[in-house]
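**Q** Dropping in coords-v4.txt, which is compact mmCIF, C-alpha atoms:
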# COMPACT_ATOMS: atom_id res chain seq x y z
CA MET A 1 98.84 89.55 141.73
CA VAL A 2 97.01 87.10 144.01
CA ALA A 3 96.75 89.66 146.81
CA GLY A 4 95.24 92.22 144.43
CA MET A 5 92.73 89.62 143.23
CA THR A 6 91.80 88.85 146.85
CA VAL A 7 90.98 92.51 147.51
CA THR A 8 89.03 92.72 144.23
CA ILE A 9 86.94 89.68 145.13
CA ALA A 10 86.45 90.84 148.74
CA THR A 11 85.30 94.25 147.45
CA GLY A 12 82.79 92.60 145.13
CA LEU A 13 81.47 90.37 147.91
CA PHE A 14 81.15 93.30 150.30
CA LEU A 15 79.30 95.33 147.69
CA ALA A 16 77.01 92.40 146.82
CA GLY A 17 76.10 92.05 150.51
CA ALA A 18 75.39 95.78 150.80
CA ILE A 19 73.20 95.68 147.68
CA GLY A 20 71.31 92.69 149.07
CA GLN A 21 70.62 94.45 152.38
CA ASP A 22 69.63 97.66 150.63
CA LEU A 23 67.19 95.96 148.27
CA LYS A 24 65.67 93.77 150.99
CA THR A 25 65.33 96.19 153.92
CA ARG A 26 66.24 99.62 152.42
CA LYS A 27 68.89 99.86 155.17
CA ILE A 28 72.52 98.82 155.45
CA LYS A 29 73.54 97.89 158.97
CA ASN A 30 76.30 99.89 160.65
CA ILE A 31 78.03 96.74 161.87
CA TYR A 32 78.24 95.55 158.26
CA ASN A 33 79.86 98.79 157.11
CA VAL A 34 82.30 99.02 160.02
CA SER A 35 83.25 95.36 159.51
CA GLY A 36 83.82 96.13 155.84
CA VAL A 37 86.13 99.05 156.67
CA LEU A 38 88.13 96.95 159.12
CA ALA A 39 88.35 93.97 156.73
CA ALA A 40 89.41 96.27 153.89
CA ALA A 41 92.12 97.89 156.01
CA VAL A 42 93.50 94.52 157.09
CA LEU A 43 93.42 93.11 153.55
CA ARG A 44 95.07 96.19 152.06
CA LEU A 45 97.79 96.23 154.72
CA PHE A 46 98.33 92.49 154.19
CA GLU A 47 98.54 93.19 150.44
CA GLY A 48 101.45 95.53 151.11
CA ALA A 49 99.73 98.90 150.88
CA GLY A 50 101.18 101.36 153.34
CA ILE A 51 99.24 102.82 156.25
CA ARG A 52 99.09 106.20 154.47
CA THR A 53 97.57 104.60 151.38
CA VAL A 54 94.95 102.79 153.42
CA ALA A 55 94.18 105.87 155.52
CA GLY A 56 93.95 108.01 152.37
CA GLY A 57 91.40 105.69 150.77
CA MET A 58 89.47 105.56 154.02
CA ALA A 59 89.43 109.35 154.31
CA VAL A 60 88.39 109.94 150.70
CA GLY A 61 85.61 107.34 150.89
CA PHE A 62 84.34 108.79 154.15
CA GLY A 63 84.58 112.38 152.91
CA ALA A 64 82.83 111.74 149.59
CA GLY A 65 80.09 109.75 151.29
CA PHE A 66 79.60 112.42 153.94
CA VAL A 67 79.37 115.25 151.40
CA LEU A 68 76.91 113.32 149.24
CA TYR A 69 74.87 112.55 152.37
CA LEU A 70 74.78 116.23 153.37
CA LEU A 71 73.66 117.15 149.84
CA GLY A 72 70.84 114.61 150.10
CA ALA A 73 72.17 112.58 147.18
CA VAL A 74 72.54 109.36 149.21
CA LYS A 75 71.27 107.94 152.46
CA ALA A 76 73.46 107.29 155.52
CA GLY A 77 74.00 103.60 154.74
CA ASP A 78 75.17 104.40 151.21
CA SER A 79 77.63 106.97 152.54
CA LYS A 80 79.10 104.41 154.94
CA VAL A 81 79.40 101.89 152.10
CA MET A 82 81.49 104.54 150.32
CA TRP A 83 83.71 104.73 153.39
CA ALA A 84 84.37 100.98 153.13
CA LEU A 85 84.81 101.14 149.35
CA GLY A 86 87.36 103.93 149.71
CA THR A 87 89.27 101.70 152.11
CA PHE A 88 89.05 98.70 149.77
CA LEU A 89 89.90 100.58 146.56
CA GLY A 90 92.23 103.39 147.53
CA VAL A 91 91.95 106.99 146.37
CA LYS A 92 92.33 106.67 142.59
CA ARG A 93 90.20 103.57 142.11
CA PHE A 94 87.53 104.93 144.46
CA TRP A 95 87.12 108.14 142.42
CA ASN A 96 87.01 106.08 139.23
CA MET A 97 84.27 103.86 140.70
CA LEU A 98 82.34 106.87 142.02
CA VAL A 99 82.27 108.61 138.64
CA TRP A 100 80.89 105.47 136.98
CA SER A 101 78.40 105.07 139.85
CA VAL A 102 77.08 108.60 139.43
CA LEU A 103 76.73 108.01 135.68
CA ALA A 104 74.84 104.78 136.40
CA GLY A 105 72.60 106.66 138.84
CA GLY A 106 71.86 109.31 136.23
CA ALA A 107 71.02 106.66 133.65
CA GLY A 108 68.80 104.89 136.18
CA GLY A 109 67.05 108.15 137.00
CA VAL A 110 66.32 108.80 133.33
CA ILE A 111 64.92 105.29 132.95
CA VAL A 112 62.66 105.80 135.97
CA LEU A 113 61.46 109.13 134.54
CA LEU A 114 60.66 107.49 131.22
CA PHE A 115 58.64 104.64 132.71
CA LYS A 116 56.78 106.40 135.52
CA LYS A 117 53.31 107.72 134.69
CA ASP A 118 54.11 111.14 136.09
CA GLY A 119 57.54 111.38 134.44
CA ARG A 120 56.88 114.76 132.82
CA LYS A 121 55.64 116.22 136.08
CA ARG A 122 58.73 114.95 137.91
CA LEU A 123 61.01 116.35 135.24
CA ALA A 124 59.30 119.76 135.39
CA ARG A 125 59.64 119.78 139.17
CA LEU A 126 63.32 118.91 138.91
CA ARG A 127 63.84 121.67 136.33
CA GLU A 128 62.20 124.21 138.67
CA TYR A 129 64.42 123.02 141.52
CA GLY A 130 67.51 123.48 139.31
CA LYS A 131 66.40 126.99 138.31
CA ARG A 132 65.88 127.92 141.96
CA LEU A 133 69.38 126.72 142.81
CA LEU A 134 70.86 128.63 139.89
CA TYR A 135 69.04 131.90 140.52
CA THR A 136 69.21 132.06 144.31
CA ARG A 137 72.64 130.40 144.60
CA ARG A 138 71.52 128.89 147.88
CA TYR A 139 71.37 125.16 148.39
CA CYS A 140 68.18 123.62 149.72
CA ARG A 141 67.71 119.89 149.95
CA TYR A 142 65.54 118.38 147.21
CA GLU A 143 62.47 116.72 148.67
CA ALA A 144 60.75 114.14 146.51
CA GLU A 145 56.97 114.08 146.38
CA ASP A 146 56.74 110.35 147.01
CA LYS A 147 58.76 108.10 149.27
CA TRP A 148 60.10 105.80 146.54
CA GLU A 149 63.90 105.91 146.52
CA PHE A 150 66.44 104.64 144.07
CA PRO A 151 68.92 102.30 145.84
CA PHE A 152 72.31 103.89 145.13
CA THR A 153 74.17 100.74 146.17
CA VAL A 154 72.99 99.23 142.87
CA CYS A 155 74.63 102.16 141.08
CA MET A 156 77.81 101.63 143.09
CA GLY A 157 77.77 97.97 142.07
CA ALA A 158 77.43 98.94 138.42
CA GLY A 159 80.13 101.59 138.81
CA TYR A 160 82.47 99.05 140.40
CA LEU A 161 81.95 96.54 137.59
CA VAL A 162 82.49 99.17 134.89
CA SER A 163 85.62 100.47 136.63
CA LEU A 164 86.97 96.90 136.75
CA ALA A 165 86.22 96.40 133.06
CA VAL A 166 87.85 99.73 132.10
CA ARG A 167 90.89 98.93 134.23
CA GLY A 168 91.14 95.51 132.54
CA ILE A 169 90.88 97.04 129.07
CA GLU A 170 93.53 99.65 129.91
CA GLY A 171 95.80 96.86 131.19
CA MET A 172 95.59 95.05 127.87
CA GLY A 173 96.94 97.97 125.84
Take the structure in the file and give it back as structure tokens.
**A**
Amino acid sequence: MVAGMTVTIATGLFLAGAIGQDLKTRKIKNIYNVSGVLAAAVLRLFEGAGIRTVAGGMAVGFGAGFVLYLLGAVKAGDSKVMWALGTFLGVKRFWNMLVWSVLAGGAGGVIVLLFKKDGRKRLARLREYGKRLLYTRRYCRYEAEDKWEFPFTVCMGAGYLVSLAVRGIEGMG
């Protein structure tokens, strides 16, 4: 129980640090992410998770982050944070957190669309992009008109908190 709580707290602290860097500089340092992966692996092994479990979480976090990076959904720093989170959380908990994170990102995107002056124009442009993908069945990276970017680490933080709350509620029943 105590070991699991240690990993939970360490994950939260790692994520808080990544969010802080992302909001302040719009970059997350590689040394921070690599240190997070190594710390997560050591903590999980110390907790009693087997090497396969730790390697599986590491691989899933890396793979999901890499695919989302290639699709243009996240930046490189965010994808490396996913690598560390996969190592911290393991396969099942990582996927749970990622689903909640994507939902938080979608909700954040809708809020941005509602409050930006050119929200309708952005929505129309996004709709045309979706049609093009559907009709041509060829992927092309979505390029935003302006350089403002939504920090996905904030969404990962929200997703992590929701996944903890859901896990706690499930544990009560």
**Q** Out of A:Ile9, A:Leu126, A:Leu70, A:Leu38, which residue has the shortest atom-to-atom distance to Leu164 (chain A) when counting all atoms listed in the file?
**A**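 Residue with the minimum atom-to-atom distance to Leu164 (chain A): A:Ile9.
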**Q** So that I can see what lies close to region 3-8 of chain A, please list as a PyMOL selection string the residues with an atom at most 12 Å from it, counting all atoms listed in the file and leaving out residues fewer than 3 positions away in the same chain.
**A** chain A and resi 11-15+36+39-49+85+87-90+93+160-161+163-164+167
**Q** Please dump the current selection as a short mmCIF file (atom, residue, chain, number, x, y, z; two decimals), keeping the file's coordinate frame; keep C-alpha atoms.
**A**
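Result file out23.cif:
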data_model
loop_
_atom_site.label_atom_id
_atom_site.label_comp_id
_atom_site.auth_asym_id
_atom_site.auth_seq_id
_atom_site.Cartn_x
_atom_site.Cartn_y
_atom_site.Cartn_z
CA THR A 11 85.30 94.25 147.45
CA GLY A 12 82.79 92.60 145.13
CA LEU A 13 81.47 90.37 147.91
CA PHE A 14 81.15 93.30 150.30
CA LEU A 15 79.30 95.33 147.69
CA GLY A 36 83.82 96.13 155.84
CA ALA A 39 88.35 93.97 156.73
CA ALA A 40 89.41 96.27 153.89
CA ALA A 41 92.12 97.89 156.01
CA VAL A 42 93.50 94.52 157.09
CA LEU A 43 93.42 93.11 153.55
CA ARG A 44 95.07 96.19 152.06
CA LEU A 45 97.79 96.23 154.72
CA PHE A 46 98.33 92.49 154.19
CA GLU A 47 98.54 93.19 150.44
CA GLY A 48 101.45 95.53 151.11
CA ALA A 49 99.73 98.90 150.88
CA LEU A 85 84.81 101.14 149.35
CA THR A 87 89.27 101.70 152.11
CA PHE A 88 89.05 98.70 149.77
CA LEU A 89 89.90 100.58 146.56
CA GLY A 90 92.23 103.39 147.53
CA ARG A 93 90.20 103.57 142.11
CA TYR A 160 82.47 99.05 140.40
CA LEU A 161 81.95 96.54 137.59
CA SER A 163 85.62 100.47 136.63
CA LEU A 164 86.97 96.90 136.75
CA ARG A 167 90.89 98.93 134.23
#
**Q** Any idea what's packed within 7 Å of Trp100 (chain A), counting only C-alpha atoms, ignoring anything in its chain fewer than 3 positions away? Could you give it as number ranges by chain?
**A** A: 96-97, 103-104, 159, 162-163
**Q** For the residues in the current selection, export C-alpha atoms as a short mmCIF file (atom, residue, chain, number, x, y, z; two decimals), in the coordinates of the input.
**A**
data_model
loop_
_atom_site.label_atom_id
_atom_site.label_comp_id
_atom_site.auth_asym_id
_atom_site.auth_seq_id
_atom_site.Cartn_x
_atom_site.Cartn_y
_atom_site.Cartn_z
CA ASN A 96 87.01 106.08 139.23
CA MET A 97 84.27 103.86 140.70
CA LEU A 103 76.73 108.01 135.68
CA ALA A 104 74.84 104.78 136.40
CA GLY A 159 80.13 101.59 138.81
CA VAL A 162 82.49 99.17 134.89
CA SER A 163 85.62 100.47 136.63
#
**Q** One decimal, Å: what's the distance from CA of Gly106 (chain A) over to CA of Val166 (chain A), could you say?
**A**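 That distance, rounded to one decimal, is 19.1 Å.
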**Q** So which residues touch Val110 (chain A) within 12 Å, counting all atoms listed in the file, skipping near sequence neighbours fewer than 5 positions away, as a VMD selection string?
**A** chain A and resid 103 to 105 115 to 116 119 to 120 122 to 123 126 150
